[in-house]
$ cat upload07.cif   # mmCIF, C-alpha atoms and all ligand atoms
data_protein
#
loop_
_atom_site.label_atom_id
_atom_site.label_comp_id
_atom_site.auth_asym_id
_atom_site.auth_seq_id
_atom_site.Cartn_x
_atom_site.Cartn_y
_atom_site.Cartn_z
CA MET T 11 -21.42 -12.01 13.53
CA THR T 12 -21.51 -9.51 10.69
CA VAL T 13 -18.77 -6.89 10.95
CA ARG T 14 -20.35 -3.46 10.58
CA ILE T 15 -17.89 -1.19 8.80
CA GLY T 16 -17.61 2.59 8.63
CA VAL T 17 -15.66 4.13 5.73
CA VAL T 18 -13.91 7.51 5.91
CA GLY T 19 -13.26 8.83 2.40
CA THR T 20 -15.48 7.85 -0.52
CA GLY T 21 -13.15 8.73 -3.41
CA MET T 22 -11.76 6.31 -5.95
CA ILE T 23 -10.33 3.56 -3.77
CA GLY T 24 -12.91 4.13 -1.01
CA GLN T 25 -15.69 3.36 -3.49
CA ASP T 26 -13.79 0.33 -4.76
CA HIS T 27 -13.35 -1.06 -1.24
CA ILE T 28 -17.04 -0.37 -0.42
CA ARG T 29 -18.04 -2.37 -3.51
CA ARG T 30 -15.64 -5.13 -2.47
CA ILE T 31 -16.97 -5.31 1.10
CA THR T 32 -20.53 -5.33 -0.23
CA ASP T 33 -20.19 -7.73 -3.19
CA VAL T 34 -17.13 -9.89 -2.55
CA VAL T 35 -16.55 -10.29 1.18
CA THR T 36 -18.94 -12.33 3.28
CA GLY T 37 -19.58 -11.49 6.93
CA ALA T 38 -19.26 -7.72 6.58
CA GLU T 39 -21.39 -4.77 5.56
CA VAL T 40 -20.80 -1.05 5.14
CA VAL T 41 -23.16 0.75 7.51
CA ALA T 42 -21.79 4.32 7.56
CA VAL T 43 -19.61 6.49 5.34
CA THR T 44 -18.33 10.05 5.26
CA ASP T 45 -16.35 12.38 3.02
CA VAL T 46 -15.50 16.09 3.12
CA ASP T 47 -17.47 16.10 -0.12
CA ILE T 48 -20.69 15.21 1.67
CA ALA T 49 -22.71 15.00 -1.57
CA ARG T 50 -20.34 12.28 -2.74
CA ALA T 51 -20.67 10.45 0.57
CA GLU T 52 -24.46 10.58 0.32
CA ARG T 53 -24.42 9.26 -3.23
CA VAL T 54 -22.13 6.38 -2.29
CA ALA T 55 -24.09 5.63 0.91
CA SER T 56 -27.40 5.41 -0.92
CA GLY T 57 -25.91 2.86 -3.32
CA VAL T 58 -25.25 0.37 -0.50
CA GLY T 59 -27.99 1.25 1.99
CA ALA T 60 -25.57 2.89 4.45
CA ARG T 61 -25.85 6.17 6.35
CA ALA T 62 -23.79 9.24 5.34
CA LEU T 63 -22.48 10.93 8.51
CA PRO T 64 -21.06 14.48 8.68
CA THR T 65 -17.47 13.74 9.84
CA GLY T 66 -14.89 11.01 10.23
CA GLN T 67 -15.16 11.31 14.01
CA ASP T 68 -18.91 10.63 13.75
CA VAL T 69 -18.26 7.44 11.78
CA ILE T 70 -15.50 6.21 14.09
CA THR T 71 -17.44 6.76 17.33
CA ASP T 72 -20.78 5.55 15.94
CA PRO T 73 -21.98 2.73 18.24
CA LEU T 74 -23.23 0.77 15.18
CA VAL T 75 -19.74 0.75 13.61
CA ASP T 76 -17.52 -2.18 14.66
CA ALA T 77 -14.48 -1.45 12.46
CA VAL T 78 -13.21 1.42 10.35
CA VAL T 79 -11.73 1.72 6.84
CA VAL T 80 -9.73 4.91 6.16
CA THR T 81 -9.51 5.82 2.46
CA SER T 82 -9.30 9.60 2.66
CA TRP T 83 -6.27 11.65 1.50
CA GLY T 84 -2.96 10.62 3.02
CA PRO T 85 -2.43 13.68 5.28
CA THR T 86 -5.74 12.93 7.06
CA HIS T 87 -4.95 9.27 7.87
CA ALA T 88 -3.12 9.77 11.19
CA GLU T 89 -5.99 11.67 12.79
CA TYR T 90 -8.53 8.98 11.91
CA VAL T 91 -6.34 6.02 12.82
CA LEU T 92 -5.60 7.60 16.22
CA ALA T 93 -9.33 8.20 16.74
CA ALA T 94 -10.10 4.56 15.91
CA ILE T 95 -7.49 3.34 18.40
CA ALA T 96 -8.97 5.69 21.03
CA ALA T 97 -12.38 4.13 20.30
CA GLY T 98 -10.85 0.62 20.62
CA LYS T 99 -11.87 -0.32 17.04
CA HIS T 100 -10.02 -2.23 14.35
CA VAL T 101 -8.94 0.10 11.57
CA PHE T 102 -7.83 -0.68 8.04
CA CYS T 103 -5.90 2.32 6.68
CA GLU T 104 -4.96 2.64 3.02
CA LYS T 105 -1.30 3.44 2.49
CA PRO T 106 0.33 5.59 3.73
CA LEU T 107 -0.36 4.99 7.43
CA ALA T 108 0.59 8.66 7.86
CA THR T 109 2.54 11.12 5.75
CA THR T 110 5.27 11.67 8.38
CA ALA T 111 7.31 9.13 10.33
CA GLU T 112 6.53 11.14 13.51
CA ASP T 113 2.79 10.60 13.02
CA CYS T 114 3.37 6.89 12.33
CA LEU T 115 5.29 6.69 15.60
CA ARG T 116 2.41 8.36 17.45
CA ILE T 117 0.14 5.64 16.08
CA VAL T 118 2.59 2.90 17.10
CA GLU T 119 2.76 4.35 20.62
CA ALA T 120 -1.02 4.78 20.90
CA GLU T 121 -1.58 1.19 19.80
CA GLN T 122 0.92 -0.15 22.34
CA ALA T 123 -0.71 1.96 25.07
CA HIS T 124 -4.06 0.45 24.06
CA GLY T 125 -2.47 -3.00 24.56
CA ARG T 126 -3.85 -4.82 21.50
CA ARG T 127 -3.09 -4.58 17.79
CA LEU T 128 -5.87 -2.82 15.92
CA VAL T 129 -4.21 -1.22 12.89
CA GLN T 130 -3.74 -2.75 9.45
CA VAL T 131 -2.10 -0.86 6.56
CA GLY T 132 -3.20 -1.35 2.94
CA PHE T 133 -0.03 -2.94 1.55
CA MET T 134 -2.06 -5.20 -0.74
CA ARG T 135 0.86 -6.83 -2.54
CA ARG T 136 1.24 -9.18 0.42
CA TYR T 137 -2.05 -10.73 -0.78
CA ASP T 138 -1.03 -11.18 -4.43
CA GLN T 139 -0.69 -14.87 -5.35
CA GLY T 140 2.58 -14.29 -7.26
CA TYR T 141 4.24 -12.45 -4.38
CA ARG T 142 2.95 -15.08 -1.93
CA ALA T 143 4.44 -17.88 -4.06
CA MET T 144 7.75 -16.00 -4.13
CA LYS T 145 7.64 -15.60 -0.35
CA ARG T 146 7.05 -19.35 0.09
CA VAL T 147 10.13 -20.14 -2.04
CA LEU T 148 12.26 -17.68 -0.07
CA ASP T 149 10.97 -18.90 3.30
CA ASP T 150 11.64 -22.54 2.31
CA GLY T 151 15.29 -21.58 1.84
CA ASP T 152 15.64 -23.66 -1.36
CA LEU T 153 17.57 -20.88 -3.10
CA GLY T 154 20.05 -20.47 -0.27
CA ALA T 155 20.51 -16.97 1.09
CA PRO T 156 18.96 -14.16 -0.98
CA LEU T 157 21.65 -11.88 -2.42
CA LEU T 158 19.97 -9.48 -4.84
CA MET T 159 16.51 -8.24 -5.72
CA HIS T 160 15.49 -6.48 -8.96
CA CYS T 161 12.16 -4.64 -8.98
CA VAL T 162 10.32 -2.62 -11.62
CA HIS T 163 7.29 -0.39 -10.98
CA ARG T 164 5.94 1.25 -14.12
CA ASN T 165 2.74 3.25 -14.55
CA PRO T 166 1.56 4.37 -18.03
CA THR T 167 1.19 8.04 -17.02
CA VAL T 168 0.64 10.19 -13.92
CA PRO T 169 -1.14 13.55 -13.56
CA GLU T 170 0.77 16.85 -13.48
CA ALA T 171 0.35 17.16 -9.69
CA TYR T 172 2.61 14.12 -9.24
CA HIS T 173 6.08 15.33 -8.15
CA SER T 174 9.49 13.65 -7.90
CA GLU T 175 9.16 12.77 -4.19
CA MET T 176 5.96 10.85 -4.96
CA ALA T 177 8.00 8.30 -6.92
CA THR T 178 9.01 7.13 -3.45
CA GLN T 179 6.11 8.17 -1.20
CA ASP T 180 3.24 7.13 -3.46
CA THR T 181 4.74 4.52 -5.75
CA ALA T 182 7.93 2.76 -4.51
CA VAL T 183 6.41 2.58 -1.02
CA HIS T 184 4.88 -0.69 -2.24
CA GLU T 185 8.32 -2.12 -3.12
CA ILE T 186 9.73 -0.84 0.18
CA ASP T 187 7.10 -2.87 2.00
CA THR T 188 7.48 -5.97 -0.21
CA ILE T 189 11.28 -5.98 0.13
CA ARG T 190 10.99 -5.86 3.95
CA TRP T 191 8.27 -8.52 3.96
CA LEU T 192 9.70 -10.94 1.37
CA LEU T 193 13.15 -10.92 2.94
CA ALA T 194 12.02 -10.52 6.58
CA ASP T 195 14.86 -8.04 6.73
CA GLU T 196 15.08 -4.31 7.43
CA ILE T 197 16.25 -1.72 4.90
CA VAL T 198 19.29 0.12 6.28
CA SER T 199 20.30 2.50 3.48
CA ALA T 200 18.91 4.14 0.36
CA GLN T 201 20.35 5.87 -2.69
CA VAL T 202 18.61 7.27 -5.77
CA LEU T 203 20.05 7.42 -9.29
CA THR T 204 18.50 9.96 -11.63
CA PRO T 205 18.84 8.90 -15.27
CA ARG T 206 18.00 10.98 -18.33
CA ARG T 207 14.38 12.16 -17.98
CA THR T 208 11.62 11.09 -20.32
CA THR T 209 10.43 13.93 -22.56
CA ARG T 210 6.96 12.37 -22.60
CA ARG T 211 5.85 14.16 -19.44
CA PHE T 212 6.34 17.18 -17.19
CA GLU T 213 9.61 19.08 -16.84
CA HIS T 214 9.33 19.29 -13.04
CA LEU T 215 9.35 15.50 -12.70
CA GLN T 216 12.45 13.30 -12.37
CA ASP T 217 11.18 10.24 -14.20
CA PRO T 218 12.47 7.52 -14.26
CA GLN T 219 14.36 6.99 -10.98
CA VAL T 220 16.42 4.03 -9.82
CA MET T 221 16.43 3.39 -6.08
CA LEU T 222 19.14 1.29 -4.51
CA PHE T 223 18.41 -0.25 -1.12
CA GLU T 224 20.59 -2.30 1.20
CA THR T 225 19.17 -4.52 3.93
CA ALA T 226 20.60 -5.34 7.36
CA SER T 227 21.80 -8.75 6.10
CA GLY T 228 23.51 -7.15 3.05
CA VAL T 229 20.97 -7.89 0.29
CA ARG T 230 21.03 -5.22 -2.45
CA ALA T 231 17.66 -4.35 -4.03
CA ASP T 232 17.25 -2.05 -7.02
CA VAL T 233 13.87 -0.53 -7.85
CA GLU T 234 13.15 1.17 -11.17
CA VAL T 235 10.24 3.58 -10.89
CA PHE T 236 9.03 4.85 -14.26
CA VAL T 237 5.59 6.40 -13.98
CA ASN T 238 5.20 7.66 -17.54
CA CYS T 239 6.34 4.58 -19.42
CA GLN T 240 3.34 5.00 -21.79
CA TYR T 241 2.77 1.33 -22.54
CA GLY T 242 1.02 0.04 -19.40
CA TYR T 243 1.12 -0.88 -15.72
CA ASP T 244 4.02 -3.24 -15.25
CA ILE T 245 5.22 -4.72 -11.94
CA GLN T 246 8.26 -6.98 -11.92
CA CYS T 247 10.29 -8.55 -9.15
CA GLU T 248 13.11 -11.08 -9.17
CA THR T 249 15.10 -12.35 -6.20
CA VAL T 250 18.53 -13.87 -6.79
CA GLY T 251 19.66 -16.46 -4.27
CA GLU T 252 22.84 -18.51 -3.92
CA THR T 253 21.55 -21.42 -6.02
CA GLY T 254 18.82 -19.94 -8.23
CA THR T 255 16.34 -17.13 -8.80
CA VAL T 256 12.62 -16.63 -8.26
CA ARG T 257 10.59 -14.26 -10.40
CA LEU T 258 7.08 -12.81 -10.13
CA PRO T 259 4.84 -14.19 -12.89
CA ASP T 260 3.20 -11.78 -15.32
CA PRO T 261 -0.60 -11.59 -14.97
CA ALA T 262 -2.26 -14.44 -16.89
CA ASP T 263 -3.45 -13.52 -20.37
CA VAL T 264 -4.09 -15.35 -23.62
CA TRP T 265 -1.45 -15.52 -26.33
CA LEU T 266 -2.76 -14.28 -29.65
CA ARG T 267 -1.31 -15.61 -32.90
CA GLN T 268 -2.48 -13.50 -35.81
CA SER T 269 -1.13 -11.85 -38.97
CA GLY T 270 2.35 -13.24 -38.41
CA ARG T 271 2.54 -11.95 -34.85
CA LEU T 272 2.44 -13.55 -31.38
CA SER T 273 1.13 -11.13 -28.73
CA SER T 274 -0.51 -10.78 -25.34
CA GLY T 275 -1.86 -7.72 -23.49
CA VAL T 276 -0.33 -5.49 -20.83
CA LEU T 277 -2.66 -4.31 -18.06
CA GLN T 278 -3.16 -0.55 -17.82
CA ASP T 279 -3.70 0.12 -14.11
CA TRP T 280 -3.08 -1.08 -10.56
CA LYS T 281 -6.80 -1.60 -9.97
CA ARG T 282 -6.95 -4.54 -12.36
CA ARG T 283 -3.42 -5.77 -11.69
CA PHE T 284 -4.10 -6.17 -7.98
CA ALA T 285 -7.90 -6.71 -7.99
CA ALA T 286 -7.63 -10.26 -6.62
CA ALA T 287 -5.08 -9.14 -4.03
CA PHE T 288 -7.38 -6.33 -2.81
CA ASP T 289 -10.24 -8.84 -2.55
CA LEU T 290 -8.20 -11.30 -0.50
CA GLU T 291 -6.83 -8.46 1.64
CA PHE T 292 -10.39 -7.61 2.72
CA VAL T 293 -11.51 -11.22 3.08
CA GLU T 294 -8.59 -11.88 5.45
CA TRP T 295 -8.96 -8.56 7.29
CA VAL T 296 -12.67 -9.14 7.97
CA ALA T 297 -11.93 -12.71 9.13
CA ALA T 298 -9.27 -11.35 11.50
CA VAL T 299 -11.58 -8.65 12.84
CA ARG T 300 -14.22 -11.31 13.54
CA GLU T 301 -11.58 -13.32 15.44
CA GLY T 302 -10.35 -10.19 17.23
CA THR T 303 -6.85 -10.75 15.80
CA LEU T 304 -4.65 -9.13 13.16
CA THR T 305 -2.71 -11.01 10.49
CA GLY T 306 -1.78 -8.36 7.92
CA PRO T 307 0.80 -5.56 7.76
CA GLY T 308 0.46 -3.43 10.86
CA ALA T 309 1.35 -0.05 12.31
CA TRP T 310 5.02 -0.99 12.65
CA ASP T 311 5.18 -1.79 8.92
CA GLY T 312 3.56 1.57 8.20
CA TYR T 313 6.16 3.30 10.40
CA ALA T 314 9.11 1.40 8.88
CA ALA T 315 7.93 2.20 5.34
CA ALA T 316 7.56 5.88 6.25
CA VAL T 317 11.11 6.07 7.66
CA VAL T 318 12.56 4.39 4.55
CA CYS T 319 10.51 6.76 2.34
CA ASP T 320 11.89 9.81 4.20
CA THR T 321 15.42 8.44 3.80
CA THR T 322 14.89 7.80 0.08
CA VAL T 323 13.58 11.32 -0.49
CA GLU T 324 16.64 12.69 1.36
CA ALA T 325 18.82 10.51 -0.89
CA LEU T 326 17.07 11.85 -4.01
CA HIS T 327 17.87 15.42 -2.99
CA SER T 328 21.42 14.80 -1.77
CA GLY T 329 22.49 12.37 -4.51
CA ARG T 330 24.22 10.28 -1.80
CA ALA T 331 23.54 6.97 -0.09
CA VAL T 332 21.73 7.77 3.18
CA GLU T 333 21.54 5.58 6.25
CA VAL T 334 18.04 4.69 7.53
CA ARG T 335 17.55 5.83 11.13
CA MET T 336 14.75 3.73 12.56
CA LYS T 337 13.70 3.00 16.16
CA ASP T 338 14.18 -0.55 17.42
CA ARG T 339 11.11 -2.71 16.86
CA PRO T 340 9.23 -3.10 20.18
CA ALA T 341 8.50 -6.68 21.35
CA PHE T 342 4.80 -5.80 20.92
CA TYR T 343 5.35 -5.99 17.15
CA GLU T 344 7.41 -9.19 17.01
CA SER T 345 5.98 -11.99 14.79
N1 LIG N 1 -3.07 0.43 -2.26
C1 LIG N 1 -3.04 1.08 -3.42
O1 LIG N 1 -2.53 0.57 -4.42
C2 LIG N 1 -3.64 2.40 -3.53
C3 LIG N 1 -3.81 3.20 -2.42
N2 LIG N 1 -4.31 4.47 -2.55
C4 LIG N 1 -4.38 5.31 -1.35
O2 LIG N 1 -5.75 5.53 -0.98
C5 LIG N 1 -5.94 6.82 -0.46
C6 LIG N 1 -7.05 7.52 -1.24
O3 LIG N 1 -6.67 7.59 -2.59
P1 LIG N 1 -7.75 7.83 -3.77
O4 LIG N 1 -9.02 7.12 -3.49
O5 LIG N 1 -7.04 7.57 -5.03
O6 LIG N 1 -8.00 9.41 -3.64
P2 LIG N 1 -9.32 10.23 -3.99
O7 LIG N 1 -8.90 11.66 -4.06
O8 LIG N 1 -10.03 9.64 -5.15
O9 LIG N 1 -10.25 10.01 -2.71
C7 LIG N 1 -9.97 10.53 -1.45
C8 LIG N 1 -11.28 10.99 -0.82
O10 LIG N 1 -11.01 11.44 0.52
C9 LIG N 1 -11.84 12.58 0.75
N3 LIG N 1 -11.30 13.32 1.87
C10 LIG N 1 -10.23 14.16 1.89
N4 LIG N 1 -10.02 14.63 3.13
C11 LIG N 1 -10.96 14.06 3.93
C12 LIG N 1 -11.24 14.14 5.31
N5 LIG N 1 -10.52 14.92 6.13
N6 LIG N 1 -12.27 13.40 5.79
C13 LIG N 1 -13.00 12.60 4.96
N7 LIG N 1 -12.78 12.50 3.64
C14 LIG N 1 -11.77 13.22 3.12
C15 LIG N 1 -11.83 13.33 -0.58
O11 LIG N 1 -12.91 14.24 -0.67
C16 LIG N 1 -11.92 12.16 -1.57
O12 LIG N 1 -13.27 11.82 -1.85
C17 LIG N 1 -4.57 7.52 -0.57
O13 LIG N 1 -3.93 7.46 0.67
C18 LIG N 1 -3.82 6.70 -1.60
O14 LIG N 1 -2.41 6.71 -1.42
C19 LIG N 1 -4.76 4.94 -3.74
C20 LIG N 1 -4.63 4.19 -4.87
C21 LIG N 1 -4.05 2.87 -4.86
O1 LIG N 2 -0.73 2.98 -4.84
C1 LIG N 2 -0.75 3.25 -6.00
C2 LIG N 2 -0.91 4.63 -6.50
O2 LIG N 2 -1.22 5.50 -5.45
C3 LIG N 2 0.42 5.06 -7.14
O3 LIG N 2 0.30 6.35 -7.70
C4 LIG N 2 0.83 4.07 -8.23
O4 LIG N 2 2.12 4.42 -8.70
C5 LIG N 2 0.88 2.66 -7.68
O5 LIG N 2 1.19 1.78 -8.74
C6 LIG N 2 -0.45 2.28 -7.06
O6 LIG N 2 -0.40 0.98 -6.55
#

$ encode --input "upload07.cif" --output "structure tokens"
Amino acid sequence: MTVRIGVVGTGMIGQDHIRRITDVVTGAEVVAVTDVDIARAERVASGVGARALPTGQDVITDPLVDAVVVTSWGPTHAEYVLAAIAAGKHVFCEKPLATTAEDCLRIVEAEQAHGRRLVQVGFMRRYDQGYRAMKRVLDDGDLGAPLLMHCVHRNPTVPEAYHSEMATQDTAVHEIDTIRWLLADEIVSAQVLTPRRTTRRFEHLQDPQVMLFETASGVRADVEVFVNCQYGYDIQCETVGETGTVRLPDPADVWLRQSGRLSSGVLQDWKRRFAAAFDLEFVEWVAAVREGTLTGPGAWDGYAAAVVCDTTVEALHSGRAVEVRMKDRPAFYES
């Protein structure tokens, strides 16, 4: 069976996922798309032989659409995910699941009322080979109990519209998910340190920031977010256990020896850094949809990340460590 996919939002990542579903993934095709910029939707649709429909609701309820991909702006995600659940269709939603924890909770409740898991959130790092290798080491227990985690998330630059809260909501949200997933542990408190600001960007922006998280089992994780580091896109992660450490490898590149120097490149954007992870994310999602199952990060992970993000933003403004106030995980979301 070919999974017929409808895409809501044909901007940058929407187009990238449409290309991926069309050229990389087998067993799926994009049959309908929409965007508030309907001319853009029509252009994208014609490139892959799909139909451009007027609204997201039209795509989601279309009888020829089996599953939905939501890649519109964050504040519109909740409405479309809820509509997909109401239609009983699998839905892949780019991060964030919703821009408020309340909306994430509405999704969690709607999915439980439906009785079957349908929602996957686009936390693509769980599909990166380096992160997966690190998870295997941690799950094997060879390092003893994890004690510390050190993470770095650097972007070369961000546009002027990017504000200080986005360091958490848009950027560190990926680390928040990977910390929870790698450690199979919940984050219970957050604090934000605000170092001297870089002069290389906008005055309104606190950049860099250092986030300090504590998990239920007592692991301390620090996350440096520096989104105007100038030199490239750089993701680092190291976990310190009782008997050793495990570190994310840098992306493979050649070493160049020339003119008395030894050098290798630094990638410039998340698209290339996580291209293989995005591909695998869709390969596995389509396979799960065909099986009628769900194996990736779900609505509960989207909710948990949103609550930790809210707490971190509160910590940024207050300057204090703030306790995470999260609902108990329902049995529906165990395992
Ligand atoms: N996993 C990751 O690493 C990344 C995830 N994202 C996420 O993907 C989502 C989209 O981001 P981008 O593609 O960069 O943004 P974008 O601005 O390039 O594209 C968003 C598209 O959604 C459309 N849109 C807005 N409201 C709509 C509505 N109500 N109905 C239908 N279409 C609507 C816009 O016209 C635009 O074409 C965001 O939630 C973002 O956080 C983005 C970049 C990387
Ligand atoms: O999700 C992403 C962007 O939205 C965000 O703006 C970047 O900071 C992240 O590195 C990227 O993965």

$ closest_residue --input "upload07.cif" --among "T:Gly228, T:Val18, T:His160, T:Ala331" --to "Thr255 (chain T)" --atoms "only C-alpha atoms"
T:His160

$ atom_distance --input "upload07.cif" --atom1 "CA of Gly251 (chain T)" --atom2 "CA of Ser227 (chain T)"
13.1 Å

$ atom_distance --input "upload07.cif" --atom1 "CA of Asp45 (chain T)" --atom2 "atom N4 of ligand LIG 1 (chain N)"
6.7 Å

$ closest_residue --input "upload07.cif" --among "T:Pro340, T:Gly254, T:Gly308, T:Gly98" --to "Gln130 (chain T)" --atoms "all atoms listed in the file"
T:Gly308

$ closest_atom_pairs --input "upload07.cif" --of "chain T" --to "ligand LIG 2 (chain N)" --cutoff "10 Å" --atoms "all atoms listed in the file" --output "tab-separated table"
residue	atom	partner	partner_atom	distance
T:Ile23	CA	N:LIG2	O2	9.5
T:Glu104	CA	N:LIG2	O1	8.9
T:Lys105	CA	N:LIG2	O1	7.4
T:Pro106	CA	N:LIG2	O1	9.0
T:Gly132	CA	N:LIG2	O1	9.2
T:Phe133	CA	N:LIG2	O1	8.7
T:Met134	CA	N:LIG2	O6	8.6
T:Arg135	CA	N:LIG2	O6	8.9
T:His163	CA	N:LIG2	O5	6.9
T:Arg164	CA	N:LIG2	O5	7.2
T:Asn165	CA	N:LIG2	O4	6.0
T:Pro166	CA	N:LIG2	O4	9.3
T:Thr167	CA	N:LIG2	O4	9.1
T:Val168	CA	N:LIG2	O3	7.3
T:Pro169	CA	N:LIG2	O3	9.4
T:Tyr172	CA	N:LIG2	O3	8.3
T:Met176	CA	N:LIG2	O3	7.7
T:Ala177	CA	N:LIG2	O4	7.3
T:Thr178	CA	N:LIG2	O4	9.1
T:Gln179	CA	N:LIG2	C3	8.8
T:Asp180	CA	N:LIG2	C3	5.1
T:Thr181	CA	N:LIG2	O4	3.9
T:Ala182	CA	N:LIG2	O4	7.4
T:Val183	CA	N:LIG2	O1	8.1
T:His184	CA	N:LIG2	O6	7.0
T:Glu185	CA	N:LIG2	O6	9.9
T:Val235	CA	N:LIG2	O4	8.5
T:Phe236	CA	N:LIG2	O4	8.9
T:Val237	CA	N:LIG2	O4	6.6
T:Asn238	CA	N:LIG2	O4	9.9
T:Tyr243	CA	N:LIG2	O5	7.5
T:Asp244	CA	N:LIG2	O5	8.7
T:Ile245	CA	N:LIG2	O5	8.3
T:Asp279	CA	N:LIG2	O5	7.5
T:Trp280	CA	N:LIG2	O6	5.2
T:Lys281	CA	N:LIG2	O6	7.7
T:Arg283	CA	N:LIG2	O6	9.0
T:Phe284	CA	N:LIG2	O6	8.2

$ residues_around --input "upload07.cif" --residues "Leu63 (chain T)" --least-positions-apart "3" --cutoff "8 Å" --atoms "all atoms listed in the file" --output "JSON, numbers by chain"
{"T": [42, 43, 44, 66, 68, 69]}

$ closest_residue --input "upload07.cif" --among "T:Met144, T:Ile31, T:Asp149, T:Val17" --to "Ala94 (chain T)" --atoms "all atoms listed in the file"
T:Val17

$ atom_distance --input "upload07.cif" --atom1 "CA of Val332 (chain T)" --atom2 "CA of Ser199 (chain T)"
5.5 Å

$ closest_residue --input "upload07.cif" --among "T:Arg146, T:Met221, T:Val80, T:Leu92" --to "Gln122 (chain T)" --atoms "only C-alpha atoms"
T:Leu92

$ residues_around --input "upload07.cif" --residues "region 315-323 of chain T" --least-positions-apart "4" --cutoff "10 Å" --atoms "all atoms listed in the file" --output "short mmCIF file (atom, residue, chain, number, x, y, z; two decimals) with C-alpha atoms, keeping the file's coordinate frame"
data_model
loop_
_atom_site.label_atom_id
_atom_site.label_comp_id
_atom_site.auth_asym_id
_atom_site.auth_seq_id
_atom_site.Cartn_x
_atom_site.Cartn_y
_atom_site.Cartn_z
CA LYS T 105 -1.30 3.44 2.49
CA PRO T 106 0.33 5.59 3.73
CA LEU T 107 -0.36 4.99 7.43
CA ALA T 108 0.59 8.66 7.86
CA THR T 109 2.54 11.12 5.75
CA THR T 110 5.27 11.67 8.38
CA ALA T 111 7.31 9.13 10.33
CA GLU T 112 6.53 11.14 13.51
CA ASP T 113 2.79 10.60 13.02
CA CYS T 114 3.37 6.89 12.33
CA LEU T 115 5.29 6.69 15.60
CA SER T 174 9.49 13.65 -7.90
CA GLU T 175 9.16 12.77 -4.19
CA MET T 176 5.96 10.85 -4.96
CA ALA T 177 8.00 8.30 -6.92
CA THR T 178 9.01 7.13 -3.45
CA GLN T 179 6.11 8.17 -1.20
CA ASP T 180 3.24 7.13 -3.46
CA ALA T 182 7.93 2.76 -4.51
CA VAL T 183 6.41 2.58 -1.02
CA HIS T 184 4.88 -0.69 -2.24
CA GLU T 185 8.32 -2.12 -3.12
CA ILE T 186 9.73 -0.84 0.18
CA ASP T 187 7.10 -2.87 2.00
CA THR T 188 7.48 -5.97 -0.21
CA ARG T 190 10.99 -5.86 3.95
CA GLU T 196 15.08 -4.31 7.43
CA ILE T 197 16.25 -1.72 4.90
CA VAL T 198 19.29 0.12 6.28
CA SER T 199 20.30 2.50 3.48
CA ALA T 200 18.91 4.14 0.36
CA GLN T 201 20.35 5.87 -2.69
CA VAL T 202 18.61 7.27 -5.77
CA MET T 221 16.43 3.39 -6.08
CA LEU T 222 19.14 1.29 -4.51
CA PHE T 223 18.41 -0.25 -1.12
CA ALA T 309 1.35 -0.05 12.31
CA TRP T 310 5.02 -0.99 12.65
CA ASP T 311 5.18 -1.79 8.92
CA HIS T 327 17.87 15.42 -2.99
CA SER T 328 21.42 14.80 -1.77
CA GLY T 329 22.49 12.37 -4.51
CA ARG T 330 24.22 10.28 -1.80
CA ALA T 331 23.54 6.97 -0.09
CA VAL T 332 21.73 7.77 3.18
CA GLU T 333 21.54 5.58 6.25
CA VAL T 334 18.04 4.69 7.53
CA ARG T 335 17.55 5.83 11.13
CA MET T 336 14.75 3.73 12.56
CA LYS T 337 13.70 3.00 16.16
#

$ axis_aligned_box --input "upload07.cif" --around "ligand LIG 1 (chain N)" --padding-each-side "6 Å" --output "JSON"
{"center_x": -7.8, "center_y": 7.7, "center_z": 0.5, "size_x": 22.9, "size_y": 26.5, "size_z": 23.3}

$ closest_residue --input "upload07.cif" --among "T:Leu258, T:Val162, T:Leu192, T:Gly312" --to "Cys239 (chain T)" --atoms "all atoms listed in the file"
T:Val162

$ closest_residue --input "upload07.cif" --among "T:Phe212, T:Phe102, T:Trp295, T:Phe288" --to "ligand LIG 1 (chain N)" --atoms "all atoms listed in the file"
T:Phe288

$ residues_around --input "upload07.cif" --residues "Asp47 (chain T)" --least-positions-apart "3" --cutoff "12 Å" --atoms "only C-alpha atoms" --output "list in words"
Val18, Gly19, Thr20, Gly21, Val43, Thr44, Arg50, Ala51, Glu52, Arg53, Val54, Ala62, Leu63, Pro64, Thr65, Gly66 and Ser82 of chain T

$ residues_around --input "upload07.cif" --residues "Asp263 (chain T)" --least-positions-apart "2" --cutoff "9 Å" --atoms "all atoms listed in the file" --output "PyMOL selection string"
chain T and resi 260-261+265+274-276

$ write_last_selection --input "upload07.cif" --atoms "C-alpha atoms" --output "short mmCIF file (atom, residue, chain, number, x, y, z; two decimals), keeping the file's coordinate frame"
data_model
loop_
_atom_site.label_atom_id
_atom_site.label_comp_id
_atom_site.auth_asym_id
_atom_site.auth_seq_id
_atom_site.Cartn_x
_atom_site.Cartn_y
_atom_site.Cartn_z
CA ASP T 260 3.20 -11.78 -15.32
CA PRO T 261 -0.60 -11.59 -14.97
CA TRP T 265 -1.45 -15.52 -26.33
CA SER T 274 -0.51 -10.78 -25.34
CA GLY T 275 -1.86 -7.72 -23.49
CA VAL T 276 -0.33 -5.49 -20.83
#
